[in-house]
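Q: The following file, final-v3.pdb, comprises PDB, C-alpha atoms:
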```pdb
ATOM      1  CA  MET A   1       0.000   0.000   0.000
ATOM      2  CA  PRO A   2       1.539   3.352  -0.944
ATOM      3  CA  VAL A   3       2.293   5.816   1.821
ATOM      4  CA  SER A   4      -0.266   8.202   0.388
ATOM      5  CA  ASN A   5      -3.000   5.703   1.266
ATOM      6  CA  TRP A   6      -1.976   5.283   4.895
ATOM      7  CA  ARG A   7      -4.153   6.503   7.720
ATOM      8  CA  VAL A   8      -2.136   7.168  10.864
ATOM      9  CA  LEU A   9      -3.365   8.097  14.346
ATOM     10  CA  LEU A  10      -0.987  10.088  16.511
ATOM     11  CA  VAL A  11      -1.834   9.937  20.223
ATOM     12  CA  GLY A  12      -0.323  12.838  22.141
ATOM     13  CA  LEU A  13       0.983  16.023  20.570
ATOM     14  CA  GLY A  14       3.806  16.692  22.963
ATOM     15  CA  GLY A  15       7.547  16.446  22.705
ATOM     16  CA  LEU A  16       7.342  13.118  20.909
ATOM     17  CA  GLY A  17       4.223  13.746  18.876
ATOM     18  CA  CYS A  18       5.391  17.036  17.376
ATOM     19  CA  PRO A  19       8.498  15.721  15.587
ATOM     20  CA  ALA A  20       6.708  12.490  14.694
ATOM     21  CA  ALA A  21       3.890  14.497  13.088
ATOM     22  CA  LEU A  22       6.338  16.547  11.053
ATOM     23  CA  ALA A  23       8.110  13.445   9.790
ATOM     24  CA  LEU A  24       4.891  11.655   8.915
ATOM     25  CA  VAL A  25       3.464  14.621   7.045
ATOM     26  CA  ARG A  26       6.690  15.152   5.136
ATOM     27  CA  ALA A  27       6.692  11.446   4.292
ATOM     28  CA  GLY A  28       3.297  12.007   2.685
ATOM     29  CA  VAL A  29       0.967   9.787   4.682
ATOM     30  CA  GLY A  30      -2.556  10.089   3.341
ATOM     31  CA  VAL A  31      -4.319  10.988   6.579
ATOM     32  CA  LEU A  32      -2.808  11.986   9.884
ATOM     33  CA  GLN A  33      -5.229  12.029  12.788
ATOM     34  CA  LEU A  34      -4.091  14.057  15.777
ATOM     35  CA  CYS A  35      -5.500  13.085  19.177
ATOM     36  CA  ASP A  36      -5.004  15.378  22.158
ATOM     37  CA  ASP A  37      -7.068  17.774  24.241
ATOM     38  CA  ASP A  38      -4.333  19.737  25.943
ATOM     39  CA  GLN A  39      -3.374  23.381  25.631
ATOM     40  CA  VAL A  40       0.059  24.762  24.852
ATOM     41  CA  ASP A  41       1.957  25.773  27.952
ATOM     42  CA  GLU A  42       5.041  27.949  27.997
ATOM     43  CA  ALA A  43       6.928  25.081  29.652
ATOM     44  CA  ASN A  44       6.249  22.964  26.552
ATOM     45  CA  LEU A  45       7.997  25.213  24.069
ATOM     46  CA  HIS A  46      11.548  23.954  24.505
ATOM     47  CA  ARG A  47      10.617  20.520  23.183
ATOM     48  CA  GLN A  48       7.227  20.698  21.468
ATOM     49  CA  ILE A  49       8.492  22.061  18.200
ATOM     50  CA  LEU A  50       5.200  22.709  16.433
ATOM     51  CA  TYR A  51       4.364  25.524  18.834
ATOM     52  CA  GLY A  52       5.664  29.018  19.341
ATOM     53  CA  SER A  53       5.238  31.602  22.043
ATOM     54  CA  GLY A  54       2.160  32.942  20.266
ATOM     55  CA  ASP A  55       0.453  29.579  20.753
ATOM     56  CA  VAL A  56       0.634  29.587  24.553
ATOM     57  CA  GLY A  57      -2.878  29.007  25.855
ATOM     58  CA  ALA A  58      -4.171  27.736  22.521
ATOM     59  CA  ASP A  59      -5.296  24.170  22.055
ATOM     60  CA  LYS A  60      -2.560  21.992  20.706
ATOM     61  CA  LEU A  61      -4.608  20.545  17.885
ATOM     62  CA  SER A  62      -5.336  23.919  16.293
ATOM     63  CA  ALA A  63      -1.771  25.108  16.727
ATOM     64  CA  ALA A  64      -0.406  21.869  15.290
ATOM     65  CA  GLU A  65      -2.800  21.943  12.359
ATOM     66  CA  GLN A  66      -1.657  25.439  11.531
ATOM     67  CA  ALA A  67       2.010  24.552  11.845
ATOM     68  CA  LEU A  68       1.689  21.422   9.743
ATOM     69  CA  GLY A  69      -0.543  23.040   7.126
ATOM     70  CA  PRO A  70       2.041  24.153   4.533
ATOM     71  CA  CYS A  71       3.840  20.810   4.613
ATOM     72  CA  ALA A  72       0.571  18.913   4.507
ATOM     73  CA  ARG A  73      -0.585  20.807   1.457
ATOM     74  CA  ARG A  74       2.680  20.044  -0.336
ATOM     75  CA  SER A  75       2.652  16.371   0.575
ATOM     76  CA  GLY A  76      -1.072  15.856   0.101
ATOM     77  CA  THR A  77      -1.645  14.805   3.703
ATOM     78  CA  ARG A  78      -5.064  15.435   5.170
ATOM     79  CA  ILE A  79      -4.928  16.436   8.827
ATOM     80  CA  GLU A  80      -7.845  15.261  10.947
ATOM     81  CA  LEU A  81      -8.358  16.465  14.509
ATOM     82  CA  VAL A  82      -9.654  14.261  17.318
ATOM     83  CA  ARG A  83     -10.537  16.723  20.040
ATOM     84  CA  SER A  84     -10.441  14.233  22.846
ATOM     85  CA  ARG A  85      -8.093  12.248  24.911
ATOM     86  CA  PHE A  86      -7.467   8.658  23.939
ATOM     87  CA  LEU A  87      -9.860   7.002  26.345
ATOM     88  CA  PRO A  88     -11.338   3.585  27.009
ATOM     89  CA  GLU A  89     -14.601   4.619  25.365
ATOM     90  CA  ASN A  90     -13.047   5.695  22.078
ATOM     91  CA  ALA A  91      -9.786   3.738  21.904
ATOM     92  CA  ARG A  92     -10.896   0.755  19.857
ATOM     93  CA  ALA A  93     -12.874   2.819  17.382
ATOM     94  CA  LEU A  94      -9.960   5.187  16.852
ATOM     95  CA  ALA A  95      -7.513   2.330  16.387
ATOM     96  CA  HIS A  96      -9.889   0.512  14.077
ATOM     97  CA  GLY A  97     -10.148   3.530  11.810
ATOM     98  CA  VAL A  98      -6.461   3.718  10.926
ATOM     99  CA  ASP A  99      -3.635   1.592   9.571
ATOM    100  CA  LEU A 100      -1.124   2.564  12.248
ATOM    101  CA  VAL A 101      -1.106   4.137  15.709
ATOM    102  CA  ILE A 102       1.819   6.215  16.964
ATOM    103  CA  GLU A 103       1.576   6.583  20.732
ATOM    104  CA  GLY A 104       3.536   9.318  22.459
ATOM    105  CA  ALA A 105       1.420   9.714  25.581
ATOM    106  CA  ASP A 106       2.905  10.980  28.797
ATOM    107  CA  ASN A 107       1.229   8.502  31.142
ATOM    108  CA  PHE A 108       1.219   4.758  31.577
ATOM    109  CA  ALA A 109      -2.534   4.337  31.518
ATOM    110  CA  THR A 110      -2.713   5.611  27.955
ATOM    111  CA  LYS A 111       0.246   3.507  26.908
ATOM    112  CA  PHE A 112      -1.404   0.323  28.127
ATOM    113  CA  LEU A 113      -4.724   1.402  26.650
ATOM    114  CA  ALA A 114      -3.095   1.971  23.253
ATOM    115  CA  ALA A 115      -1.365  -1.391  23.478
ATOM    116  CA  ASP A 116      -4.603  -3.177  24.322
ATOM    117  CA  ALA A 117      -6.796  -1.360  21.804
ATOM    118  CA  CYS A 118      -4.328  -1.875  18.974
ATOM    119  CA  HIS A 119      -3.893  -5.531  19.797
ATOM    120  CA  LEU A 120      -7.645  -6.119  19.940
ATOM    121  CA  GLU A 121      -8.113  -4.285  16.631
ATOM    122  CA  SER A 122      -5.067  -5.910  15.025
ATOM    123  CA  ARG A 123      -3.381  -2.610  14.324
ATOM    124  CA  PRO A 124       0.351  -1.953  14.520
ATOM    125  CA  VAL A 125       1.426   0.494  17.175
ATOM    126  CA  VAL A 126       4.617   2.366  17.899
ATOM    127  CA  HIS A 127       5.156   3.284  21.544
ATOM    128  CA  GLY A 128       7.479   6.112  22.508
ATOM    129  CA  ALA A 129       8.556   7.720  25.769
ATOM    130  CA  GLY A 130      11.046  10.278  26.961
ATOM    131  CA  LEU A 131      12.072  11.412  30.416
ATOM    132  CA  ARG A 132      15.129  13.345  31.484
ATOM    133  CA  TRP A 133      17.902  12.052  29.209
ATOM    134  CA  LEU A 134      16.333   8.679  28.456
ATOM    135  CA  GLY A 135      14.080   7.839  25.539
ATOM    136  CA  THR A 136      12.540   4.625  24.256
ATOM    137  CA  ALA A 137      10.724   3.609  21.088
ATOM    138  CA  TRP A 138       9.218   0.299  20.161
ATOM    139  CA  SER A 139       7.165  -0.993  17.253
ATOM    140  CA  VAL A 140       4.590  -3.734  17.803
ATOM    141  CA  ALA A 141       3.064  -5.682  14.924
ATOM    142  CA  PRO A 142      -0.715  -6.032  14.381
ATOM    143  CA  ALA A 143      -1.937  -8.310  17.163
ATOM    144  CA  GLY A 144       1.752  -8.862  17.602
ATOM    145  CA  ARG A 145       3.924 -10.726  19.999
ATOM    146  CA  PRO A 146       5.720  -9.516  22.010
ATOM    147  CA  CYS A 147       3.552  -6.601  23.076
ATOM    148  CA  TYR A 148       3.896  -3.718  25.529
ATOM    149  CA  ARG A 149       2.460  -5.890  28.307
ATOM    150  CA  CYS A 150       5.095  -8.559  27.713
ATOM    151  CA  LEU A 151       7.701  -6.077  28.802
ATOM    152  CA  PHE A 152       5.991  -3.842  31.355
ATOM    153  CA  GLU A 153       2.991  -5.946  32.424
ATOM    154  CA  ASP A 154       0.490  -3.479  33.892
ATOM    155  CA  VAL A 155      -0.325   0.087  34.870
ATOM    156  CA  PRO A 156       1.727   0.922  37.947
ATOM    157  CA  ALA A 157      -0.175   1.324  41.179
ATOM    158  CA  GLU A 158       2.305   3.749  42.649
ATOM    159  CA  PRO A 159       3.106   7.245  41.299
ATOM    160  CA  GLN A 160       5.840   7.338  38.663
ATOM    161  CA  ALA A 161       8.213  10.051  37.558
ATOM    162  CA  ASN A 162       6.740  12.361  34.942
ATOM    163  CA  CYS A 163       7.806  15.332  32.827
ATOM    164  CA  ASP A 164       6.496  17.919  35.251
ATOM    165  CA  ALA A 165       8.377  16.423  38.169
ATOM    166  CA  VAL A 166      11.724  15.502  36.647
ATOM    167  CA  GLY A 167      11.824  17.229  33.278
ATOM    168  CA  VAL A 168      12.659  16.053  29.782
ATOM    169  CA  MET A 169      15.440  17.108  27.454
ATOM    170  CA  GLY A 170      14.134  18.562  24.217
ATOM    171  CA  PRO A 171      16.686  16.961  21.895
ATOM    172  CA  VAL A 172      16.041  13.532  23.405
ATOM    173  CA  VAL A 173      12.339  13.558  22.576
ATOM    174  CA  GLY A 174      13.133  15.159  19.219
ATOM    175  CA  ILE A 175      15.275  12.189  18.279
ATOM    176  CA  VAL A 176      12.863   9.645  19.726
ATOM    177  CA  GLY A 177       9.863  11.260  18.018
ATOM    178  CA  ALA A 178      11.630  11.041  14.671
ATOM    179  CA  LEU A 179      12.569   7.452  15.425
ATOM    180  CA  MET A 180       8.943   6.645  16.201
ATOM    181  CA  ALA A 181       7.946   7.987  12.800
ATOM    182  CA  GLU A 182      10.662   5.918  11.156
ATOM    183  CA  LEU A 183       9.531   2.777  12.952
ATOM    184  CA  GLY A 184       5.973   3.516  11.919
ATOM    185  CA  LEU A 185       6.893   4.037   8.297
ATOM    186  CA  ARG A 186       8.915   0.847   8.357
ATOM    187  CA  SER A 187       6.128  -1.100  10.029
ATOM    188  CA  LEU A 188       3.823  -0.502   7.074
ATOM    189  CA  SER A 189       6.499  -0.997   4.459
ATOM    190  CA  ALA A 190       7.711  -4.137   2.787
ATOM    191  CA  GLY A 191      10.357  -5.720   4.965
ATOM    192  CA  GLY A 192       8.392  -4.850   8.044
ATOM    193  CA  ARG A 193       9.469  -4.684  11.611
ATOM    194  CA  ARG A 194      11.567  -6.419  14.162
ATOM    195  CA  ASN A 195      10.881  -6.955  17.818
ATOM    196  CA  GLU A 196      13.312  -4.356  19.006
ATOM    197  CA  LEU A 197      13.115  -1.822  21.761
ATOM    198  CA  TRP A 198      15.294   1.181  21.036
ATOM    199  CA  THR A 199      16.717   3.059  23.969
ATOM    200  CA  LEU A 200      18.402   6.423  23.659
ATOM    201  CA  ASP A 201      20.733   7.621  26.383
ATOM    202  CA  GLY A 202      21.124  11.308  25.724
ATOM    203  CA  LYS A 203      23.885  11.732  28.253
ATOM    204  CA  ALA A 204      26.042   8.983  26.805
ATOM    205  CA  ASP A 205      24.852   9.606  23.232
ATOM    206  CA  THR A 206      24.108   5.950  22.756
ATOM    207  CA  LEU A 207      21.252   4.375  20.860
ATOM    208  CA  ARG A 208      20.832   0.709  21.652
ATOM    209  CA  GLU A 209      18.649  -1.984  20.167
ATOM    210  CA  VAL A 210      17.315  -4.367  22.779
ATOM    211  CA  PRO A 211      15.525  -7.534  21.684
ATOM    212  CA  VAL A 212      12.195  -8.124  23.382
ATOM    213  CA  SER A 213      10.812 -11.597  24.073
ATOM    214  CA  ALA A 214       7.163 -12.582  24.256
ATOM    215  CA  ARG A 215       5.987 -13.548  27.706
ATOM    216  CA  PRO A 216       3.977 -16.806  27.656
ATOM    217  CA  SER A 217       1.730 -15.602  30.487
ATOM    218  CA  CYS A 218       1.087 -12.186  28.930
ATOM    219  CA  PRO A 219      -2.588 -11.312  29.523
ATOM    220  CA  LEU A 220      -2.823  -9.601  26.142
ATOM    221  CA  CYS A 221      -0.869 -11.733  23.683
ATOM    222  CA  GLY A 222      -0.047 -14.863  25.675
ATOM    223  CA  SER A 223      -1.389 -18.339  25.115
ATOM    224  CA  ARG A 224      -4.369 -17.709  27.419
ATOM    225  CA  PRO A 225      -5.153 -14.013  27.088
ATOM    226  CA  SER A 226      -7.473 -12.500  29.682
ATOM    227  CA  ILE A 227      -7.776  -9.073  28.033
ATOM    228  CA  ARG A 228     -10.481  -9.464  25.413
ATOM    229  CA  GLU A 229     -12.103  -6.067  25.656
ATOM    230  CA  ILE A 230     -11.383  -2.592  26.967
ATOM    231  CA  GLU A 231     -12.514  -2.208  30.564
ATOM    232  CA  GLU A 232     -12.091   1.272  31.999
ATOM    233  CA  ALA A 233     -11.068   0.051  35.435
ATOM    234  CA  ARG A 234      -7.962  -1.512  33.962
ATOM    235  CA  TYR A 235      -6.544   1.925  33.135
ATOM    236  CA  LEU A 236      -6.998   3.610  36.476
ATOM    237  CA  PRO A 237      -5.832   5.598  38.264
ATOM    238  CA  ALA A 238      -4.678   8.066  35.637
ATOM    239  CA  ALA A 239      -6.190   7.338  32.232
ATOM    240  CA  GLY A 240      -5.917  10.019  29.572
ATOM    241  CA  ALA A 241      -3.485  11.151  26.924
ATOM    242  CA  SER A 242      -1.651  14.384  26.868
ATOM    243  CA  ALA A 243       1.949  15.198  26.457
TER     244      ALA A 243
ATOM    245  CA  MET B   1      33.288 -12.324  40.036
ATOM    246  CA  ALA B   2      33.088  -8.866  38.536
ATOM    247  CA  VAL B   3      30.398  -7.811  36.091
ATOM    248  CA  THR B   4      29.445  -4.502  34.527
ATOM    249  CA  VAL B   5      26.046  -2.976  35.134
ATOM    250  CA  ARG B   6      24.681  -0.280  32.828
ATOM    251  CA  ILE B   7      22.646   2.205  34.800
ATOM    252  CA  PRO B   8      19.743   4.063  33.112
ATOM    253  CA  THR B   9      19.483   7.772  33.673
ATOM    254  CA  PRO B  10      16.559   7.577  36.143
ATOM    255  CA  LEU B  11      18.760   5.533  38.513
ATOM    256  CA  ARG B  12      21.987   7.463  38.139
ATOM    257  CA  SER B  13      21.177   9.616  41.131
ATOM    258  CA  LEU B  14      22.102   6.495  43.098
ATOM    259  CA  THR B  15      25.438   6.027  41.330
ATOM    260  CA  LYS B  16      26.594   9.641  41.453
ATOM    261  CA  GLY B  17      25.904   9.988  37.770
ATOM    262  CA  GLN B  18      27.882   6.956  36.638
ATOM    263  CA  GLU B  19      26.360   5.355  33.549
ATOM    264  CA  GLN B  20      27.977   2.012  34.279
ATOM    265  CA  VAL B  21      29.322   0.513  37.464
ATOM    266  CA  SER B  22      31.169  -2.607  38.457
ATOM    267  CA  ALA B  23      29.566  -5.124  40.779
ATOM    268  CA  GLU B  24      30.359  -8.522  42.214
ATOM    269  CA  GLY B  25      28.231 -11.624  42.204
ATOM    270  CA  GLY B  26      27.674 -15.022  40.647
ATOM    271  CA  THR B  27      23.969 -14.481  40.027
ATOM    272  CA  VAL B  28      21.737 -11.535  39.199
ATOM    273  CA  ARG B  29      20.426 -11.635  42.758
ATOM    274  CA  ALA B  30      23.930 -11.447  44.211
ATOM    275  CA  VAL B  31      24.829  -8.564  41.930
ATOM    276  CA  ILE B  32      21.779  -6.616  43.043
ATOM    277  CA  GLU B  33      22.699  -7.225  46.677
ATOM    278  CA  ASN B  34      26.210  -5.976  45.917
ATOM    279  CA  LEU B  35      24.799  -2.943  44.132
ATOM    280  CA  GLU B  36      22.713  -2.191  47.199
ATOM    281  CA  GLN B  37      25.825  -2.201  49.370
ATOM    282  CA  LYS B  38      27.653   0.145  47.026
ATOM    283  CA  HIS B  39      24.700   2.269  46.002
ATOM    284  CA  PRO B  40      22.046   2.212  48.731
ATOM    285  CA  GLY B  41      18.515   2.410  47.445
ATOM    286  CA  MET B  42      19.192   0.462  44.274
ATOM    287  CA  LYS B  43      17.625  -2.765  45.490
ATOM    288  CA  GLU B  44      14.324  -1.126  46.321
ATOM    289  CA  ARG B  45      14.197   0.434  42.865
ATOM    290  CA  LEU B  46      14.763  -2.928  41.196
ATOM    291  CA  LEU B  47      12.945  -5.447  43.368
ATOM    292  CA  ASP B  48       9.705  -5.821  45.253
ATOM    293  CA  ASP B  49       8.505  -8.699  47.379
ATOM    294  CA  LYS B  50       7.730 -10.717  44.239
ATOM    295  CA  GLY B  51      11.101 -10.266  42.592
ATOM    296  CA  ILE B  52      12.076  -7.922  39.779
ATOM    297  CA  ARG B  53       9.631  -5.054  39.658
ATOM    298  CA  ARG B  54       7.151  -5.229  36.828
ATOM    299  CA  PHE B  55       8.311  -1.889  35.539
ATOM    300  CA  VAL B  56      11.959  -2.835  35.396
ATOM    301  CA  ASN B  57      13.641  -5.138  32.926
ATOM    302  CA  VAL B  58      17.037  -6.596  33.674
ATOM    303  CA  TYR B  59      19.021  -7.848  30.711
ATOM    304  CA  LEU B  60      22.042 -10.108  30.669
ATOM    305  CA  GLY B  61      23.628  -9.177  27.380
ATOM    306  CA  ASP B  62      20.700  -9.321  24.943
ATOM    307  CA  GLU B  63      18.527 -11.594  27.081
ATOM    308  CA  ASP B  64      15.835 -10.536  29.515
ATOM    309  CA  VAL B  65      16.666 -12.460  32.684
ATOM    310  CA  ARG B  66      12.963 -13.214  33.131
ATOM    311  CA  PHE B  67      13.418 -15.646  30.261
ATOM    312  CA  LEU B  68      16.567 -17.123  31.743
ATOM    313  CA  ALA B  69      16.517 -18.035  35.414
ATOM    314  CA  GLY B  70      15.338 -14.700  36.753
ATOM    315  CA  LEU B  71      17.217 -13.547  39.815
ATOM    316  CA  ASP B  72      19.025 -16.882  39.920
ATOM    317  CA  THR B  73      20.472 -16.421  36.445
ATOM    318  CA  PRO B  74      24.152 -17.384  36.685
ATOM    319  CA  LEU B  75      26.729 -14.866  35.514
ATOM    320  CA  GLN B  76      30.125 -15.205  33.943
ATOM    321  CA  ALA B  77      32.984 -12.880  34.800
ATOM    322  CA  GLY B  78      32.849  -9.814  32.610
ATOM    323  CA  ALA B  79      29.131 -10.154  31.908
ATOM    324  CA  GLU B  80      27.188  -7.003  31.097
ATOM    325  CA  ILE B  81      23.896  -6.361  32.812
ATOM    326  CA  SER B  82      21.538  -3.653  31.604
ATOM    327  CA  ILE B  83      18.614  -2.173  33.487
ATOM    328  CA  ILE B  84      15.740  -0.886  31.372
ATOM    329  CA  PRO B  85      12.924   0.825  33.261
ATOM    330  CA  ALA B  86       9.535   1.680  31.844
ATOM    331  CA  ILE B  87       9.118   5.399  31.361
ATOM    332  CA  ALA B  88       6.224   7.607  30.316
ATOM    333  CA  GLY B  89       6.711  11.165  29.227
ATOM    334  CA  GLY B  90       7.334  13.334  26.270
TER     335      GLY B  90
END
```
Show me, as structure tokens, the structure contained in the file I just sent.
A:
Amino acid sequence: MPVSNWRVLLVGLGGLGCPAALALVRAGVGVLQLCDDDQVDEANLHRQILYGSGDVGADKLSAAEQALGPCARRSGTRIELVRSRFLPENARALAHGVDLVIEGADNFATKFLAADACHLESRPVVHGAGLRWLGTAWSVAPAGRPCYRCLFEDVPAEPQANCDAVGVMGPVVGIVGALMAELGLRSLSAGGRRNELWTLDGKADTLREVPVSARPSCPLCGSRPSIREIEEARYLPAAGASA
Amino acid sequence: MAVTVRIPTPLRSLTKGQEQVSAEGGTVRAVIENLEQKHPGMKERLLDDKGIRRFVNVYLGDEDVRFLAGLDTPLQAGAEISIIPAIAGG
């Protein structure tokens, strides 16, 4: 399928989503759906490269649509806006409507929700994360094994470090966001994907490929899966995508 | 027996910023105990009462130790252990 026919959903328009969106539009994907309901904050500007100081206070979707517009017109990409978080009630429908999901959410609940929804809808998904100097990116095949739950199992019960608390280096998420787009483009291309988790150490300037193994007891993709539908309680206590 | 442990950035506050440290031990469990002696607080970040925390992955070379013998995975001198935590953010 040519790139111009691809429909891609981008969850989270933050430090990862902004560079990924630019790369996907410039690659000429047919439709790029943007899913976020956050507003631009001044603290975002150092890493969320679609926004400028004039966008502070504006909703991210409108600002991103404006920033991506000239490129999208040149490449023939149609930008579609999903003015919502990626939530249990809309996750499967959103995943079902596209060929690929790129997930750059800033919280674990949304990451697990994206993993589950994409698996249940047999859609490929690329997960990305960045915190301080560390970034990760990982591409999972449609209904693929291993999946996000093979590696990280479940939404953590205890509070975890986040961008607000510990910060994130702009160049790290810039690199990882571009890598997510590359993994996504490769996932839909001939030659496909490998089961590799990429980790970027911005302090050591090292990018490593780590093989990931499927976990036999995985509740999503294991031999006896227990996750067969999206149940909101599974994504507590902090469901919702923003970045 | 000495092994090398690669420390991810979220845990480097425990190693005074070192990205890799040396540790002693014949198994992953022994290495973590040794890390705890040298870098207090490390064990709690890696283990809970069930073993390796769900949000942490410990690799021996290119193999997740969960798929080897877990904490009892034997180590050779000079082995490289990597710690890969789950992160969310962007």
Q: Once you count all atoms listed in the file, what closest atom pair and distance in Å to one decimal does each residue of chain A within 7 Å of chain B have, with rows by chain and rising residue number, as JSON lines?
A:
```
{"residue": "A:Gly14", "atom": "CA", "partner": "B:Gly90", "partner_atom": "CA", "distance": 5.9}
{"residue": "A:Gly15", "atom": "CA", "partner": "B:Gly90", "partner_atom": "CA", "distance": 4.7}
{"residue": "A:Leu16", "atom": "CA", "partner": "B:Gly90", "partner_atom": "CA", "distance": 5.4}
{"residue": "A:Gly104", "atom": "CA", "partner": "B:Gly90", "partner_atom": "CA", "distance": 6.7}
{"residue": "A:Ala105", "atom": "CA", "partner": "B:Gly89", "partner_atom": "CA", "distance": 6.6}
{"residue": "A:Asp106", "atom": "CA", "partner": "B:Gly89", "partner_atom": "CA", "distance": 3.8}
{"residue": "A:Asn107", "atom": "CA", "partner": "B:Ala88", "partner_atom": "CA", "distance": 5.1}
{"residue": "A:Phe108", "atom": "CA", "partner": "B:Ala88", "partner_atom": "CA", "distance": 5.9}
{"residue": "A:Ala129", "atom": "CA", "partner": "B:Ala88", "partner_atom": "CA", "distance": 5.1}
{"residue": "A:Gly130", "atom": "CA", "partner": "B:Gly90", "partner_atom": "CA", "distance": 4.9}
{"residue": "A:Leu131", "atom": "CA", "partner": "B:Gly89", "partner_atom": "CA", "distance": 5.5}
{"residue": "A:Trp133", "atom": "CA", "partner": "B:Thr9", "partner_atom": "CA", "distance": 6.4}
{"residue": "A:Leu134", "atom": "CA", "partner": "B:Thr9", "partner_atom": "CA", "distance": 6.2}
{"residue": "A:Phe152", "atom": "CA", "partner": "B:Phe55", "partner_atom": "CA", "distance": 5.2}
{"residue": "A:Glu153", "atom": "CA", "partner": "B:Arg54", "partner_atom": "CA", "distance": 6.1}
{"residue": "A:Asn162", "atom": "CA", "partner": "B:Gly89", "partner_atom": "CA", "distance": 5.8}
{"residue": "A:Cys163", "atom": "CA", "partner": "B:Gly89", "partner_atom": "CA", "distance": 5.6}
{"residue": "A:Val168", "atom": "CA", "partner": "B:Gly90", "partner_atom": "CA", "distance": 6.9}
{"residue": "A:Val173", "atom": "CA", "partner": "B:Gly90", "partner_atom": "CA", "distance": 6.2}
{"residue": "A:Val210", "atom": "CA", "partner": "B:Asp62", "partner_atom": "CA", "distance": 6.4}
{"residue": "A:Pro211", "atom": "CA", "partner": "B:Asp62", "partner_atom": "CA", "distance": 6.4}
{"residue": "A:Ala243", "atom": "CA", "partner": "B:Gly90", "partner_atom": "CA", "distance": 5.7}
```
Q: Convert the output of the PyMOL selection byres ((chain A and resi 46) around 10) on the shown file into explicit residues, formatted as a PDB file with C-alpha atoms, in the frame of the given file.
A:
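Contents of the output file result23.pdb:
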```pdb
ATOM      1  CA  GLY A  15       7.547  16.446  22.705  1.00  0.00           C
ATOM      2  CA  GLU A  42       5.041  27.949  27.997  1.00  0.00           C
ATOM      3  CA  ALA A  43       6.928  25.081  29.652  1.00  0.00           C
ATOM      4  CA  ASN A  44       6.249  22.964  26.552  1.00  0.00           C
ATOM      5  CA  LEU A  45       7.997  25.213  24.069  1.00  0.00           C
ATOM      6  CA  ARG A  47      10.617  20.520  23.183  1.00  0.00           C
ATOM      7  CA  GLN A  48       7.227  20.698  21.468  1.00  0.00           C
ATOM      8  CA  ILE A  49       8.492  22.061  18.200  1.00  0.00           C
ATOM      9  CA  TYR A  51       4.364  25.524  18.834  1.00  0.00           C
ATOM     10  CA  GLY A  52       5.664  29.018  19.341  1.00  0.00           C
ATOM     11  CA  VAL A 168      12.659  16.053  29.782  1.00  0.00           C
ATOM     12  CA  MET A 169      15.440  17.108  27.454  1.00  0.00           C
ATOM     13  CA  GLY A 170      14.134  18.562  24.217  1.00  0.00           C
ATOM     14  CA  PRO A 171      16.686  16.961  21.895  1.00  0.00           C
TER      15      PRO A 171
END
```
Q: Would you work out the distance separating CA of Pro124 in chain A from CA of Pro156 in chain A, expressed in Å to one decimal?
A: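 Separation of CA of Pro124 in chain A and CA of Pro156 in chain A: 23.6 Å.
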Q: Fewer than 4 positions away in the same chain doesn't count, so skip those; otherwise give me all residues within 10 Å of Ile52 in chain B, counting all atoms listed in the file, as a list in words.
A: Arg29, Lys43, Glu44, Arg45, Leu46, Leu47, Asp48, Val56, Asn57, Val58, Val65, Arg66, Gly70 and Leu71 of chain B
Q: Which residues come within 9 Å of Ala117 in chain A, counting only C-alpha atoms, excluding same-chain residues fewer than 4 positions away, as a VMD selection string?
A: chain A and resid 88 91 to 96 112 to 113 121 to 123 229 to 230
Q: Do a neighbour search on Val82 in chain A at 10 Å with only C-alpha atoms, toss out local chain neighbours closer than 3 positions, and write the hits as number ranges by chain.
A: A: 9-11, 33-37, 61, 79, 85-86, 94
Q: For this file, the PyMOL selection byres ((chain A and resi 59) around 10) selects which residues, as a PDB file with C-alpha atoms, in the frame of the given file?
A:
```
ATOM      1  CA  ASP A  36      -5.004  15.378  22.158  1.00  0.00           C
ATOM      2  CA  ASP A  37      -7.068  17.774  24.241  1.00  0.00           C
ATOM      3  CA  ASP A  38      -4.333  19.737  25.943  1.00  0.00           C
ATOM      4  CA  GLN A  39      -3.374  23.381  25.631  1.00  0.00           C
ATOM      5  CA  VAL A  40       0.059  24.762  24.852  1.00  0.00           C
ATOM      6  CA  ASP A  41       1.957  25.773  27.952  1.00  0.00           C
ATOM      7  CA  ASP A  55       0.453  29.579  20.753  1.00  0.00           C
ATOM      8  CA  VAL A  56       0.634  29.587  24.553  1.00  0.00           C
ATOM      9  CA  GLY A  57      -2.878  29.007  25.855  1.00  0.00           C
ATOM     10  CA  ALA A  58      -4.171  27.736  22.521  1.00  0.00           C
ATOM     11  CA  LYS A  60      -2.560  21.992  20.706  1.00  0.00           C
ATOM     12  CA  LEU A  61      -4.608  20.545  17.885  1.00  0.00           C
ATOM     13  CA  SER A  62      -5.336  23.919  16.293  1.00  0.00           C
ATOM     14  CA  ALA A  63      -1.771  25.108  16.727  1.00  0.00           C
ATOM     15  CA  ALA A  64      -0.406  21.869  15.290  1.00  0.00           C
ATOM     16  CA  ARG A  83     -10.537  16.723  20.040  1.00  0.00           C
TER      17      ARG A  83
END
```
Q: I'd like the residues picked by the PyMOL selection byres ((chain B and resi 31) around 10) written out as a ChimeraX atom specification, using the chain letters and numbers from the file.
A: /B:1-5,22-30,32-37,43,71,75,81
Q: Just give me the gap between CA of Ala137 in chain A and CA of Leu207 in chain A in Å, one decimal is fine.
A: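 CA of Ala137 in chain A sits 10.6 Å away from CA of Leu207 in chain A.
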Q: Nearest residue to Cys18 in chain A out of A:Val98, A:Gly30, A:Glu65, A:Ala109, using only C-alpha atoms?
A: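 That would be A:Glu65, the residue with the smallest distance to Cys18 in chain A.
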